[in-house]
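A.B. asks: Sharing a structure here in C-alpha cells format.
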Amino acid sequence: MEHNSLETAKAAIKMSISSRSEEKVLKKEFAANEINTAAVDFGGEFNKSVPEIIERAVIAAKRENIIDNSHVAQGAVAGAAHDALAQIMPRTMGLNVGGKIGVARSGEHIVVAVFFGVGMFNLNEVTVGLSHRSLLDNQKS
C-alpha cells in the first residue's frame with residue numbers, strides 16, 4: 001500500500017526525533033506498513049557540516065535500501081536534505097548542532113527530516129526542517 005506524502009513525512013519526523021531504541025521499534029512498525037525508513041545521528045558546527053549532513057542522509061538511505069545507486073535517487077535525497085537544512089539555516093548559522101536525520105519512503109514519496117538541538121553555551125534551541133521529493137518507484141515496473 002502506497003502512502004501519501006503526509007504519512008511519509010510523519011514517518012520521517014518520527015524517525016528524526018526517536019531515540020536509538022525507539023528507532024528500531026518504529027522501523028519495524030513502518031516496514032509493516034510499507035514505509036521504508038532510515039535515521040542517522042549528527043553533531044558538529046553547522047556551517048562546516050552541511051555537505052557531511054547531506055552525505056549522511058544519502059548513505060543512510062542507500063544502506064537501508066530506500067533508494068538505489070542511481071544518480072536520480074541519490075540526487076532526490078540530497079536535494080531534500082539540502083532543502084530541509086536551508087529551512088533551519090537562519091537558526092543554526094555559526095552554531096553547533098546535534099540531533100538526527102530521518103528519511104522515509106513510500107512508493108514515489110521520499111521525505112527527509114532533520115531535528116537538531118542548536119547550542120551556544122548553556123542556551124539551547126530546537127529546530128526542525130522537512131522536505132519532500134517524488135521519485136519513480138522502480139518496484140512497480
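In the C-alpha cells, each chain is lettered A, B, ... as it comes, each chain's residues begin at 1, and ligands are numbered from 1 in order of appearance.
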As an MDAnalysis selection string, list the residues of chain A assigned to strand (DSSP E or B) by DSSP on the backbone atoms of this structure.
C.D. replies: chainID A and resid 36:45 96:106 109:120 123:134
A.B. asks: Could you turn the residues from that selection into a file that holds C-alpha atoms, as a tab-separated table (two decimals), in the first residue's frame?
C.D. replies:
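part.tsv written:
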```
chain	number	residue	atom	x	y	z
A	36	ASN	CA	10.90	2.23	4.43
A	37	THR	CA	12.86	4.33	6.90
A	38	ALA	CA	16.38	5.23	7.99
A	39	ALA	CA	17.88	7.51	10.61
A	40	VAL	CA	21.35	8.74	11.40
A	41	ASP	CA	22.73	10.89	14.22
A	42	PHE	CA	24.72	14.01	13.62
A	43	GLY	CA	26.60	16.62	15.61
A	44	GLY	CA	29.01	19.43	14.83
A	45	GLU	CA	29.41	23.03	13.73
A	96	ASN	CA	26.82	23.80	16.96
A	97	VAL	CA	24.02	21.36	16.23
A	98	GLY	CA	23.29	17.86	17.39
A	99	GLY	CA	20.44	15.60	16.51
A	100	LYS	CA	19.16	13.25	13.90
A	101	ILE	CA	18.29	12.95	10.24
A	102	GLY	CA	15.23	10.85	9.35
A	103	VAL	CA	14.47	9.51	5.88
A	104	ALA	CA	11.22	7.81	4.86
A	105	ARG	CA	9.89	6.45	1.59
A	106	SER	CA	6.58	5.03	0.48
A	109	HIS	CA	7.22	9.75	-1.93
A	110	ILE	CA	10.55	10.33	-0.22
A	111	VAL	CA	10.96	12.71	2.73
A	112	VAL	CA	13.97	13.91	4.69
A	113	ALA	CA	13.52	15.42	8.16
A	114	VAL	CA	16.22	16.98	10.31
A	115	PHE	CA	15.75	17.51	14.04
A	116	PHE	CA	18.57	19.38	15.75
A	117	GLY	CA	19.32	20.92	19.07
A	118	VAL	CA	21.19	24.17	18.48
A	119	GLY	CA	23.56	25.19	21.21
A	120	MET	CA	25.70	28.02	22.40
A	123	LEU	CA	21.47	28.26	25.74
A	124	ASN	CA	19.73	25.65	23.63
A	125	GLU	CA	17.22	25.94	20.82
A	126	VAL	CA	15.42	23.21	18.89
A	127	THR	CA	14.72	23.28	15.18
A	128	VAL	CA	13.14	21.01	12.56
A	129	GLY	CA	13.43	21.02	8.77
A	130	LEU	CA	11.47	18.87	6.33
A	131	SER	CA	11.44	18.34	2.59
A	132	HIS	CA	9.65	16.03	0.13
A	133	ARG	CA	10.64	14.72	-3.28
A	134	SER	CA	8.92	12.45	-5.76
```
A.B. asks: Step one, run DSSP on the backbone; step two, keep only residues of stretch 29-133 of chain A assigned to helix (DSSP H, G or I); then write them as an MDAnalysis selection string.
C.D. replies: chainID A and resid 29:32 46:63 71:92
